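This is my_file_23.pdb (PDB, C-alpha atoms, pLDDT in the B column).
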```
MODEL        1
ATOM      1  CA  MET K   1     182.463  96.060 124.256  1.00 45.00           C
ATOM      2  CA  ARG K   2     182.383  96.442 120.448  1.00 46.00           C
ATOM      3  CA  THR K   3     180.450  99.733 120.783  1.00 46.00           C
ATOM      4  CA  ARG K   4     183.005 101.024 123.272  1.00 46.00           C
ATOM      5  CA  ILE K   5     185.932 100.165 120.982  1.00 43.00           C
ATOM      6  CA  THR K   6     184.119 101.748 118.023  1.00 46.00           C
ATOM      7  CA  SER K   7     183.486 104.920 120.053  1.00 47.00           C
ATOM      8  CA  ILE K   8     187.161 105.143 121.004  1.00 44.00           C
ATOM      9  CA  ALA K   9     188.229 104.616 117.371  1.00 47.00           C
ATOM     10  CA  VAL K  10     185.768 107.243 116.091  1.00 48.00           C
ATOM     11  CA  GLY K  11     186.932 109.695 118.760  1.00 48.00           C
ATOM     12  CA  ALA K  12     190.566 109.157 117.798  1.00 46.00           C
ATOM     13  CA  ALA K  13     189.770 109.597 114.096  1.00 47.00           C
ATOM     14  CA  LEU K  14     187.879 112.824 114.800  1.00 45.00           C
ATOM     15  CA  ALA K  15     190.773 114.230 116.812  1.00 47.00           C
ATOM     16  CA  LEU K  16     193.097 113.643 113.870  1.00 51.00           C
ATOM     17  CA  LEU K  17     190.761 115.283 111.340  1.00 53.00           C
ATOM     18  CA  ALA K  18     189.494 118.366 113.182  1.00 67.00           C
ATOM     19  CA  ASP K  19     191.230 121.754 113.216  1.00 85.00           C
ATOM     20  CA  ASN K  20     190.989 125.197 114.819  1.00 89.00           C
ATOM     21  CA  LEU K  21     188.345 127.298 113.009  1.00 92.00           C
ATOM     22  CA  THR K  22     188.686 130.557 114.914  1.00 89.00           C
ATOM     23  CA  GLY K  23     188.057 133.391 112.453  1.00 87.00           C
ATOM     24  CA  ALA K  24     187.573 131.075 109.440  1.00 92.00           C
ATOM     25  CA  ASN K  25     184.683 131.936 107.110  1.00 95.00           C
ATOM     26  CA  ARG K  26     185.152 128.984 104.747  1.00 96.00           C
ATOM     27  CA  ILE K  27     185.096 125.573 106.358  1.00 96.00           C
ATOM     28  CA  LEU K  28     185.256 121.993 105.071  1.00 96.00           C
ATOM     29  CA  CYS K  29     183.532 119.349 107.201  1.00 96.00           C
ATOM     30  CA  THR K  30     183.522 115.585 106.899  1.00 94.00           C
ATOM     31  CA  ALA K  31     180.915 113.245 108.341  1.00 94.00           C
ATOM     32  CA  VAL K  32     182.431 110.498 110.493  1.00 93.00           C
ATOM     33  CA  GLN K  33     179.510 108.665 112.126  1.00 94.00           C
ATOM     34  CA  ALA K  34     175.757 108.816 111.534  1.00 96.00           C
ATOM     35  CA  THR K  35     172.639 107.582 113.288  1.00 97.00           C
ATOM     36  CA  VAL K  36     169.233 107.470 111.609  1.00 97.00           C
ATOM     37  CA  CYS K  37     166.110 107.011 113.730  1.00 97.00           C
ATOM     38  CA  GLU K  38     162.511 106.543 112.606  1.00 97.00           C
ATOM     39  CA  ALA K  39     159.419 107.572 114.577  1.00 96.00           C
ATOM     40  CA  GLU K  40     158.602 103.929 115.308  1.00 94.00           C
ATOM     41  CA  GLY K  41     161.772 103.727 117.406  1.00 92.00           C
ATOM     42  CA  ASP K  42     164.082 101.917 115.006  1.00 95.00           C
ATOM     43  CA  CYS K  43     167.598 103.412 114.897  1.00 97.00           C
ATOM     44  CA  GLU K  44     170.645 102.449 112.893  1.00 96.00           C
ATOM     45  CA  ILE K  45     174.261 103.570 113.360  1.00 96.00           C
ATOM     46  CA  ALA K  46     176.435 103.278 110.263  1.00 94.00           C
ATOM     47  CA  PRO K  47     179.028 105.094 108.168  1.00 93.00           C
ATOM     48  CA  PRO K  48     177.523 108.301 106.703  1.00 93.00           C
ATOM     49  CA  TRP K  49     177.881 107.184 103.066  1.00 90.00           C
ATOM     50  CA  SER K  50     175.548 104.238 103.725  1.00 92.00           C
ATOM     51  CA  PHE K  51     172.761 106.832 104.297  1.00 93.00           C
ATOM     52  CA  ASN K  52     173.686 108.908 101.220  1.00 89.00           C
ATOM     53  CA  ILE K  53     175.189 111.640 103.414  1.00 91.00           C
ATOM     54  CA  PRO K  54     177.809 113.605 101.472  1.00 90.00           C
ATOM     55  CA  GLN K  55     181.371 112.818 102.554  1.00 90.00           C
ATOM     56  CA  PHE K  56     182.327 116.505 102.581  1.00 93.00           C
ATOM     57  CA  ILE K  57     180.339 119.715 103.052  1.00 95.00           C
ATOM     58  CA  GLU K  58     181.750 123.159 102.309  1.00 96.00           C
ATOM     59  CA  ILE K  59     180.439 125.873 104.613  1.00 97.00           C
ATOM     60  CA  ASP K  60     180.696 129.464 103.399  1.00 97.00           C
ATOM     61  CA  LEU K  61     179.819 131.816 106.252  1.00 97.00           C
ATOM     62  CA  THR K  62     180.188 134.873 104.010  1.00 96.00           C
ATOM     63  CA  ARG K  63     177.562 133.634 101.538  1.00 97.00           C
ATOM     64  CA  ASN K  64     175.628 131.658 104.191  1.00 97.00           C
ATOM     65  CA  THR K  65     175.627 128.419 102.198  1.00 97.00           C
ATOM     66  CA  LEU K  66     176.327 124.725 102.617  1.00 96.00           C
ATOM     67  CA  ALA K  67     177.476 122.901  99.480  1.00 95.00           C
ATOM     68  CA  THR K  68     178.759 119.523  98.387  1.00 92.00           C
ATOM     69  CA  THR K  69     182.267 119.524  96.974  1.00 89.00           C
ATOM     70  CA  LYS K  70     182.832 119.571  93.202  1.00 86.00           C
ATOM     71  CA  ALA K  71     184.458 116.125  93.423  1.00 82.00           C
ATOM     72  CA  SER K  72     181.205 114.639  94.765  1.00 81.00           C
ATOM     73  CA  GLY K  73     179.476 115.287  91.437  1.00 79.00           C
ATOM     74  CA  GLU K  74     176.279 116.120  93.345  1.00 83.00           C
ATOM     75  CA  ASN K  75     176.288 119.914  92.869  1.00 85.00           C
ATOM     76  CA  ARG K  76     174.023 120.554  95.895  1.00 90.00           C
ATOM     77  CA  THR K  77     173.799 123.941  97.648  1.00 93.00           C
ATOM     78  CA  THR K  78     171.613 124.830 100.623  1.00 95.00           C
ATOM     79  CA  PRO K  79     171.097 128.262 102.191  1.00 97.00           C
ATOM     80  CA  ILE K  80     171.916 128.796 105.859  1.00 98.00           C
ATOM     81  CA  ARG K  81     169.026 130.770 107.371  1.00 97.00           C
ATOM     82  CA  ASN K  82     170.637 131.425 110.752  1.00 97.00           C
ATOM     83  CA  ALA K  83     174.347 131.625 111.516  1.00 97.00           C
ATOM     84  CA  LEU K  84     175.769 132.674 114.860  1.00 97.00           C
ATOM     85  CA  ARG K  85     179.231 132.636 116.425  1.00 96.00           C
ATOM     86  CA  GLU K  86     179.041 132.723 120.194  1.00 96.00           C
ATOM     87  CA  LYS K  87     181.335 131.679 123.051  1.00 96.00           C
ATOM     88  CA  GLY K  88     183.602 129.617 120.802  1.00 96.00           C
ATOM     89  CA  LEU K  89     180.788 127.836 118.968  1.00 97.00           C
ATOM     90  CA  ILE K  90     179.399 128.182 115.450  1.00 97.00           C
ATOM     91  CA  PHE K  91     175.637 127.566 115.169  1.00 98.00           C
ATOM     92  CA  LEU K  92     174.082 127.019 111.733  1.00 98.00           C
ATOM     93  CA  GLN K  93     170.408 126.336 110.967  1.00 98.00           C
ATOM     94  CA  GLY K  94     168.217 126.060 107.933  1.00 97.00           C
ATOM     95  CA  VAL K  95     165.298 124.407 106.213  1.00 97.00           C
ATOM     96  CA  GLU K  96     165.155 122.960 102.702  1.00 93.00           C
ATOM     97  CA  GLY K  97     163.312 120.180 100.909  1.00 92.00           C
ATOM     98  CA  GLY K  98     161.137 119.311 103.902  1.00 95.00           C
ATOM     99  CA  ARG K  99     164.158 118.962 106.178  1.00 95.00           C
ATOM    100  CA  ALA K 100     165.393 121.144 109.036  1.00 98.00           C
ATOM    101  CA  PHE K 101     169.097 121.095 109.872  1.00 97.00           C
ATOM    102  CA  SER K 102     171.230 122.341 112.718  1.00 98.00           C
ATOM    103  CA  PHE K 103     175.029 122.352 113.108  1.00 98.00           C
ATOM    104  CA  VAL K 104     177.011 123.062 116.274  1.00 98.00           C
ATOM    105  CA  ILE K 105     180.740 123.354 115.587  1.00 97.00           C
ATOM    106  CA  THR K 106     183.377 124.030 118.240  1.00 97.00           C
ATOM    107  CA  GLU K 107     185.748 126.658 116.841  1.00 96.00           C
ATOM    108  CA  ALA K 108     188.803 125.602 118.877  1.00 95.00           C
ATOM    109  CA  THR K 109     188.653 121.942 117.851  1.00 95.00           C
ATOM    110  CA  GLY K 110     186.597 121.814 114.636  1.00 96.00           C
ATOM    111  CA  MET K 111     184.390 119.090 116.113  1.00 96.00           C
ATOM    112  CA  ALA K 112     180.837 119.112 114.710  1.00 97.00           C
ATOM    113  CA  SER K 113     177.490 117.788 115.921  1.00 97.00           C
ATOM    114  CA  ILE K 114     174.824 117.868 113.218  1.00 97.00           C
ATOM    115  CA  ALA K 115     171.111 117.066 113.281  1.00 98.00           C
ATOM    116  CA  VAL K 116     168.690 116.799 110.373  1.00 97.00           C
ATOM    117  CA  ALA K 117     164.979 116.197 110.867  1.00 97.00           C
ATOM    118  CA  ARG K 118     162.115 115.499 108.504  1.00 96.00           C
ATOM    119  CA  ASP K 119     158.664 114.088 109.107  1.00 97.00           C
ATOM    120  CA  GLY K 120     159.161 110.847 111.039  1.00 97.00           C
ATOM    121  CA  VAL K 121     162.953 110.624 110.650  1.00 97.00           C
ATOM    122  CA  THR K 122     165.949 112.146 112.418  1.00 97.00           C
ATOM    123  CA  VAL K 123     169.590 111.933 111.408  1.00 97.00           C
ATOM    124  CA  SER K 124     172.427 112.807 113.743  1.00 97.00           C
ATOM    125  CA  VAL K 125     175.991 113.076 112.526  1.00 97.00           C
ATOM    126  CA  PHE K 126     179.313 113.606 114.260  1.00 96.00           C
ATOM    127  CA  GLY K 127     182.000 115.175 112.135  1.00 95.00           C
ATOM    128  CA  ALA K 128     185.204 117.130 111.966  1.00 95.00           C
ATOM    129  CA  CYS K 129     185.945 120.418 110.233  1.00 96.00           C
ATOM    130  CA  THR K 130     188.957 122.349 108.993  1.00 95.00           C
ATOM    131  CA  PRO K 131     189.347 125.844 107.515  1.00 95.00           C
ATOM    132  CA  VAL K 132     189.500 126.142 103.728  1.00 91.00           C
ATOM    133  CA  VAL K 133     192.670 127.998 102.788  1.00 81.00           C
ATOM    134  CA  ARG K 134     192.848 129.394  99.262  1.00 69.00           C
TER     135      ARG K 134
ENDMDL
END
```
Reformat the file's structure so that it appears as structure tokens.
Amino acid sequence: MRTRITSIAVGAALALLADNLTGANRILCTAVQATVCEAEGDCEIAPPWSFNIPQFIEIDLTRNTLATTKASGENRTTPIRNALREKGLIFLQGVEGGRAFSFVITEATGMASIAVARDGVTVSVFGACTPVVR
């Protein structure tokens, strides 16, 4: 029952945070829920910050980069190797530091499903995105 209530609460929070991304080339995404699994079968679901996942990621589809926000103080940037917009979805993929990542973002809603894999560990994240307007 607790998992069901948590899922409903997370879904409601995501709906409030996400936005239409159609045509946006600069996007800000926030991680809402994360699951980390190890090869031995142990998995843990927790808030993203408990796994050192950045709270916000800036996506620049013109420069093909992912970056932490200036406020995070982390100053991390990662290249996007593959970016594709197709049938209302944004697909992003890359590899850096022994990790492969993949994003699937629904343009109409801003909802994001993210996976990161490294040797023996997978991380899946659900998030919400909004266009960056400057």
Do you know which residues the PyMOL selection byres ((chain K and resi 104) around 6) returns on this file, as a PyMOL selection string?
chain K and resi 90-91+103+105+112-113
For the residues in that selection, give me C-alpha atoms as a CSV table (one decimal), in the frame of the given file.
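Resulting contents of out.csv:
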```
chain,number,residue,atom,x,y,z
K,90,ILE,CA,179.4,128.2,115.4
K,91,PHE,CA,175.6,127.6,115.2
K,103,PHE,CA,175.0,122.4,113.1
K,105,ILE,CA,180.7,123.4,115.6
K,112,ALA,CA,180.8,119.1,114.7
K,113,SER,CA,177.5,117.8,115.9
```
Do you know which residues the PyMOL selection byres ((chain K and resi 102) around 6) returns on this file, as a ChimeraX atom specification?
/K:92-93,101,103,114-115
Picked residues, the PyMOL selection byres ((chain K and resi 117-128) around 10), as an MDAnalysis selection string:
chainID K and resid 10:11 13:19 28:45 47:48 51 53 55:56 95:106 109:116 129:130
Please produce a file of the residues just selected, as a compact mmCIF listing (two decimals), in the frame of the given file, where the atoms kept are C-alpha atoms.
```txt
# COMPACT_ATOMS: atom_id res chain seq x y z
CA VAL K 10 185.77 107.24 116.09
CA GLY K 11 186.93 109.70 118.76
CA ALA K 13 189.77 109.60 114.10
CA LEU K 14 187.88 112.82 114.80
CA ALA K 15 190.77 114.23 116.81
CA LEU K 16 193.10 113.64 113.87
CA LEU K 17 190.76 115.28 111.34
CA ALA K 18 189.49 118.37 113.18
CA ASP K 19 191.23 121.75 113.22
CA LEU K 28 185.26 121.99 105.07
CA CYS K 29 183.53 119.35 107.20
CA THR K 30 183.52 115.58 106.90
CA ALA K 31 180.92 113.24 108.34
CA VAL K 32 182.43 110.50 110.49
CA GLN K 33 179.51 108.66 112.13
CA ALA K 34 175.76 108.82 111.53
CA THR K 35 172.64 107.58 113.29
CA VAL K 36 169.23 107.47 111.61
CA CYS K 37 166.11 107.01 113.73
CA GLU K 38 162.51 106.54 112.61
CA ALA K 39 159.42 107.57 114.58
CA GLU K 40 158.60 103.93 115.31
CA GLY K 41 161.77 103.73 117.41
CA ASP K 42 164.08 101.92 115.01
CA CYS K 43 167.60 103.41 114.90
CA GLU K 44 170.64 102.45 112.89
CA ILE K 45 174.26 103.57 113.36
CA PRO K 47 179.03 105.09 108.17
CA PRO K 48 177.52 108.30 106.70
CA PHE K 51 172.76 106.83 104.30
CA ILE K 53 175.19 111.64 103.41
CA GLN K 55 181.37 112.82 102.55
CA PHE K 56 182.33 116.50 102.58
CA VAL K 95 165.30 124.41 106.21
CA GLU K 96 165.16 122.96 102.70
CA GLY K 97 163.31 120.18 100.91
CA GLY K 98 161.14 119.31 103.90
CA ARG K 99 164.16 118.96 106.18
CA ALA K 100 165.39 121.14 109.04
CA PHE K 101 169.10 121.10 109.87
CA SER K 102 171.23 122.34 112.72
CA PHE K 103 175.03 122.35 113.11
CA VAL K 104 177.01 123.06 116.27
CA ILE K 105 180.74 123.35 115.59
CA THR K 106 183.38 124.03 118.24
CA THR K 109 188.65 121.94 117.85
CA GLY K 110 186.60 121.81 114.64
CA MET K 111 184.39 119.09 116.11
CA ALA K 112 180.84 119.11 114.71
CA SER K 113 177.49 117.79 115.92
CA ILE K 114 174.82 117.87 113.22
CA ALA K 115 171.11 117.07 113.28
CA VAL K 116 168.69 116.80 110.37
CA CYS K 129 185.94 120.42 110.23
CA THR K 130 188.96 122.35 108.99
```
Give me the residues within 7 Å of stretch 59-76 of chain K as a ChimeraX atom specification, counting all atoms listed in the file and dropping any in the same chain fewer than 6 places off.
/K:25-28
In Å to one decimal, how far is atom CA of K:Asn52 from atom CA of K:Ala24?
27.4 Å
Extract stretch 1-131 of chain K from the coordinates I pasted, and write it as a PDB file, in the first residue's frame (atoms kept: C-alpha atoms).
```
ATOM      1  CA  MET K   1       0.000   0.000   0.000  1.00  0.00           C
ATOM      2  CA  ARG K   2       2.857   2.396   0.865  1.00  0.00           C
ATOM      3  CA  THR K   3       4.443   1.802  -2.572  1.00  0.00           C
ATOM      4  CA  ARG K   4       1.129   2.531  -4.269  1.00  0.00           C
ATOM      5  CA  ILE K   5       0.666   5.798  -2.355  1.00  0.00           C
ATOM      6  CA  THR K   6       4.273   6.784  -3.109  1.00  0.00           C
ATOM      7  CA  SER K   7       3.741   6.058  -6.820  1.00  0.00           C
ATOM      8  CA  ILE K   8       0.609   8.215  -6.878  1.00  0.00           C
ATOM      9  CA  ALA K   9       2.421  11.057  -5.073  1.00  0.00           C
ATOM     10  CA  VAL K  10       5.422  10.864  -7.430  1.00  0.00           C
ATOM     11  CA  GLY K  11       3.102  10.831 -10.449  1.00  0.00           C
ATOM     12  CA  ALA K  12       1.256  13.896  -9.177  1.00  0.00           C
ATOM     13  CA  ALA K  13       4.530  15.724  -8.492  1.00  0.00           C
ATOM     14  CA  LEU K  14       5.811  14.914 -11.982  1.00  0.00           C
ATOM     15  CA  ALA K  15       2.631  16.218 -13.590  1.00  0.00           C
ATOM     16  CA  LEU K  16       3.088  19.530 -11.796  1.00  0.00           C
ATOM     17  CA  LEU K  17       6.747  19.891 -12.808  1.00  0.00           C
ATOM     18  CA  ALA K  18       6.765  18.792 -16.453  1.00  0.00           C
ATOM     19  CA  ASP K  19       6.105  21.080 -19.424  1.00  0.00           C
ATOM     20  CA  ASN K  20       5.659  20.984 -23.203  1.00  0.00           C
ATOM     21  CA  LEU K  21       9.081  20.822 -24.918  1.00  0.00           C
ATOM     22  CA  THR K  22       7.995  20.907 -28.549  1.00  0.00           C
ATOM     23  CA  GLY K  23      10.643  22.835 -30.488  1.00  0.00           C
ATOM     24  CA  ALA K  24      12.772  23.616 -27.402  1.00  0.00           C
ATOM     25  CA  ASN K  25      16.539  23.211 -27.816  1.00  0.00           C
ATOM     26  CA  ARG K  26      17.456  24.089 -24.224  1.00  0.00           C
ATOM     27  CA  ILE K  27      15.793  22.008 -21.553  1.00  0.00           C
ATOM     28  CA  LEU K  28      16.044  21.808 -17.760  1.00  0.00           C
ATOM     29  CA  CYS K  29      15.255  18.431 -16.185  1.00  0.00           C
ATOM     30  CA  THR K  30      14.882  17.448 -12.559  1.00  0.00           C
ATOM     31  CA  ALA K  31      15.233  13.945 -11.158  1.00  0.00           C
ATOM     32  CA  VAL K  32      12.224  12.878  -9.088  1.00  0.00           C
ATOM     33  CA  GLN K  33      12.729   9.187  -8.264  1.00  0.00           C
ATOM     34  CA  ALA K  34      15.714   6.870  -8.683  1.00  0.00           C
ATOM     35  CA  THR K  35      16.361   3.146  -8.484  1.00  0.00           C
ATOM     36  CA  VAL K  36      19.852   1.665  -8.263  1.00  0.00           C
ATOM     37  CA  CYS K  37      20.361  -2.048  -8.909  1.00  0.00           C
ATOM     38  CA  GLU K  38      23.527  -4.118  -8.557  1.00  0.00           C
ATOM     39  CA  ALA K  39      24.358  -7.257 -10.547  1.00  0.00           C
ATOM     40  CA  GLU K  40      23.806  -9.424  -7.469  1.00  0.00           C
ATOM     41  CA  GLY K  41      20.122  -8.470  -7.563  1.00  0.00           C
ATOM     42  CA  ASP K  42      20.003  -5.877  -4.799  1.00  0.00           C
ATOM     43  CA  CYS K  43      17.945  -2.793  -5.725  1.00  0.00           C
ATOM     44  CA  GLU K  44      17.178   0.354  -3.792  1.00  0.00           C
ATOM     45  CA  ILE K  45      14.577   3.042  -4.542  1.00  0.00           C
ATOM     46  CA  ALA K  46      15.293   6.432  -2.993  1.00  0.00           C
ATOM     47  CA  PRO K  47      15.340  10.163  -3.694  1.00  0.00           C
ATOM     48  CA  PRO K  48      17.920  10.958  -6.416  1.00  0.00           C
ATOM     49  CA  TRP K  49      20.121  13.104  -4.146  1.00  0.00           C
ATOM     50  CA  SER K  50      20.755  10.094  -1.888  1.00  0.00           C
ATOM     51  CA  PHE K  51      22.636   8.518  -4.854  1.00  0.00           C
ATOM     52  CA  ASN K  52      24.556  11.720  -5.690  1.00  0.00           C
ATOM     53  CA  ILE K  53      22.395  12.310  -8.774  1.00  0.00           C
ATOM     54  CA  PRO K  54      22.336  16.013  -9.660  1.00  0.00           C
ATOM     55  CA  GLN K  55      19.026  17.695  -8.826  1.00  0.00           C
ATOM     56  CA  PHE K  56      18.945  19.511 -12.173  1.00  0.00           C
ATOM     57  CA  ILE K  57      20.457  18.769 -15.585  1.00  0.00           C
ATOM     58  CA  GLU K  58      20.586  21.314 -18.397  1.00  0.00           C
ATOM     59  CA  ILE K  59      20.242  19.785 -21.853  1.00  0.00           C
ATOM     60  CA  ASP K  60      21.512  21.826 -24.796  1.00  0.00           C
ATOM     61  CA  LEU K  61      20.422  20.165 -28.035  1.00  0.00           C
ATOM     62  CA  THR K  62      22.273  22.752 -30.130  1.00  0.00           C
ATOM     63  CA  ARG K  63      25.630  21.978 -28.496  1.00  0.00           C
ATOM     64  CA  ASN K  64      24.712  18.333 -27.744  1.00  0.00           C
ATOM     65  CA  THR K  65      25.635  18.555 -24.061  1.00  0.00           C
ATOM     66  CA  LEU K  66      24.274  17.667 -20.645  1.00  0.00           C
ATOM     67  CA  ALA K  67      25.469  19.863 -17.775  1.00  0.00           C
ATOM     68  CA  THR K  68      24.854  20.423 -14.092  1.00  0.00           C
ATOM     69  CA  THR K  69      23.503  23.840 -13.197  1.00  0.00           C
ATOM     70  CA  LYS K  70      25.846  26.578 -11.949  1.00  0.00           C
ATOM     71  CA  ALA K  71      24.043  26.561  -8.585  1.00  0.00           C
ATOM     72  CA  SER K  72      25.038  22.914  -8.033  1.00  0.00           C
ATOM     73  CA  GLY K  73      28.705  23.900  -7.780  1.00  0.00           C
ATOM     74  CA  GLU K  74      29.622  20.662  -9.579  1.00  0.00           C
ATOM     75  CA  ASN K  75      30.560  22.133 -12.981  1.00  0.00           C
ATOM     76  CA  ARG K  76      30.011  18.827 -14.845  1.00  0.00           C
ATOM     77  CA  THR K  77      29.436  18.635 -18.617  1.00  0.00           C
ATOM     78  CA  THR K  78      28.911  15.496 -20.688  1.00  0.00           C
ATOM     79  CA  PRO K  79      28.674  15.219 -24.479  1.00  0.00           C
ATOM     80  CA  ILE K  80      25.563  13.729 -26.065  1.00  0.00           C
ATOM     81  CA  ARG K  81      26.739  11.310 -28.767  1.00  0.00           C
ATOM     82  CA  ASN K  82      23.320  10.609 -30.274  1.00  0.00           C
ATOM     83  CA  ALA K  83      20.296  12.898 -30.245  1.00  0.00           C
ATOM     84  CA  LEU K  84      17.093  12.205 -32.134  1.00  0.00           C
ATOM     85  CA  ARG K  85      13.622  13.750 -32.171  1.00  0.00           C
ATOM     86  CA  GLU K  86      11.049  11.326 -33.497  1.00  0.00           C
ATOM     87  CA  LYS K  87       7.277  10.918 -33.155  1.00  0.00           C
ATOM     88  CA  GLY K  88       7.039  13.310 -30.209  1.00  0.00           C
ATOM     89  CA  LEU K  89       9.977  11.839 -28.298  1.00  0.00           C
ATOM     90  CA  ILE K  90      13.504  13.095 -27.657  1.00  0.00           C
ATOM     91  CA  PHE K  91      16.150  10.342 -27.459  1.00  0.00           C
ATOM     92  CA  LEU K  92      19.587  11.151 -26.029  1.00  0.00           C
ATOM     93  CA  GLN K  93      22.512   8.739 -25.600  1.00  0.00           C
ATOM     94  CA  GLY K  94      26.134   8.922 -24.633  1.00  0.00           C
ATOM     95  CA  VAL K  95      29.082   7.346 -22.892  1.00  0.00           C
ATOM     96  CA  GLU K  96      31.478   8.949 -20.416  1.00  0.00           C
ATOM     97  CA  GLY K  97      33.573   7.850 -17.458  1.00  0.00           C
ATOM     98  CA  GLY K  98      32.748   4.166 -17.885  1.00  0.00           C
ATOM     99  CA  ARG K  99      29.013   4.857 -17.916  1.00  0.00           C
ATOM    100  CA  ALA K 100      26.467   4.675 -20.734  1.00  0.00           C
ATOM    101  CA  PHE K 101      23.355   6.840 -20.494  1.00  0.00           C
ATOM    102  CA  SER K 102      20.062   7.029 -22.318  1.00  0.00           C
ATOM    103  CA  PHE K 103      17.218   9.554 -21.979  1.00  0.00           C
ATOM    104  CA  VAL K 104      13.712   9.272 -23.421  1.00  0.00           C
ATOM    105  CA  ILE K 105      11.735  12.494 -23.005  1.00  0.00           C
ATOM    106  CA  THR K 106       8.151  12.992 -24.169  1.00  0.00           C
ATOM    107  CA  GLU K 107       7.974  16.385 -25.884  1.00  0.00           C
ATOM    108  CA  ALA K 108       4.276  17.031 -25.170  1.00  0.00           C
ATOM    109  CA  THR K 109       4.537  16.421 -21.424  1.00  0.00           C
ATOM    110  CA  GLY K 110       8.220  16.859 -20.521  1.00  0.00           C
ATOM    111  CA  MET K 111       8.215  13.508 -18.720  1.00  0.00           C
ATOM    112  CA  ALA K 112      11.628  11.793 -18.731  1.00  0.00           C
ATOM    113  CA  SER K 113      12.807   8.208 -18.301  1.00  0.00           C
ATOM    114  CA  ILE K 114      16.566   7.954 -17.834  1.00  0.00           C
ATOM    115  CA  ALA K 115      18.901   4.969 -17.568  1.00  0.00           C
ATOM    116  CA  VAL K 116      22.589   4.910 -16.679  1.00  0.00           C
ATOM    117  CA  ALA K 117      24.643   1.723 -16.739  1.00  0.00           C
ATOM    118  CA  ARG K 118      28.168   0.876 -15.677  1.00  0.00           C
ATOM    119  CA  ASP K 119      29.841  -2.438 -14.982  1.00  0.00           C
ATOM    120  CA  GLY K 120      27.600  -4.262 -12.506  1.00  0.00           C
ATOM    121  CA  VAL K 121      25.284  -1.336 -11.695  1.00  0.00           C
ATOM    122  CA  THR K 122      22.228   0.226 -13.320  1.00  0.00           C
ATOM    123  CA  VAL K 123      20.464   3.427 -12.338  1.00  0.00           C
ATOM    124  CA  SER K 124      17.004   4.326 -13.559  1.00  0.00           C
ATOM    125  CA  VAL K 125      15.517   7.746 -12.970  1.00  0.00           C
ATOM    126  CA  PHE K 126      12.109   9.261 -13.613  1.00  0.00           C
ATOM    127  CA  GLY K 127      12.074  13.002 -14.060  1.00  0.00           C
ATOM    128  CA  ALA K 128      10.342  16.038 -15.438  1.00  0.00           C
ATOM    129  CA  CYS K 129      11.611  18.655 -17.867  1.00  0.00           C
ATOM    130  CA  THR K 130      10.776  22.201 -18.900  1.00  0.00           C
ATOM    131  CA  PRO K 131      12.131  24.471 -21.650  1.00  0.00           C
TER     132      PRO K 131
END
```
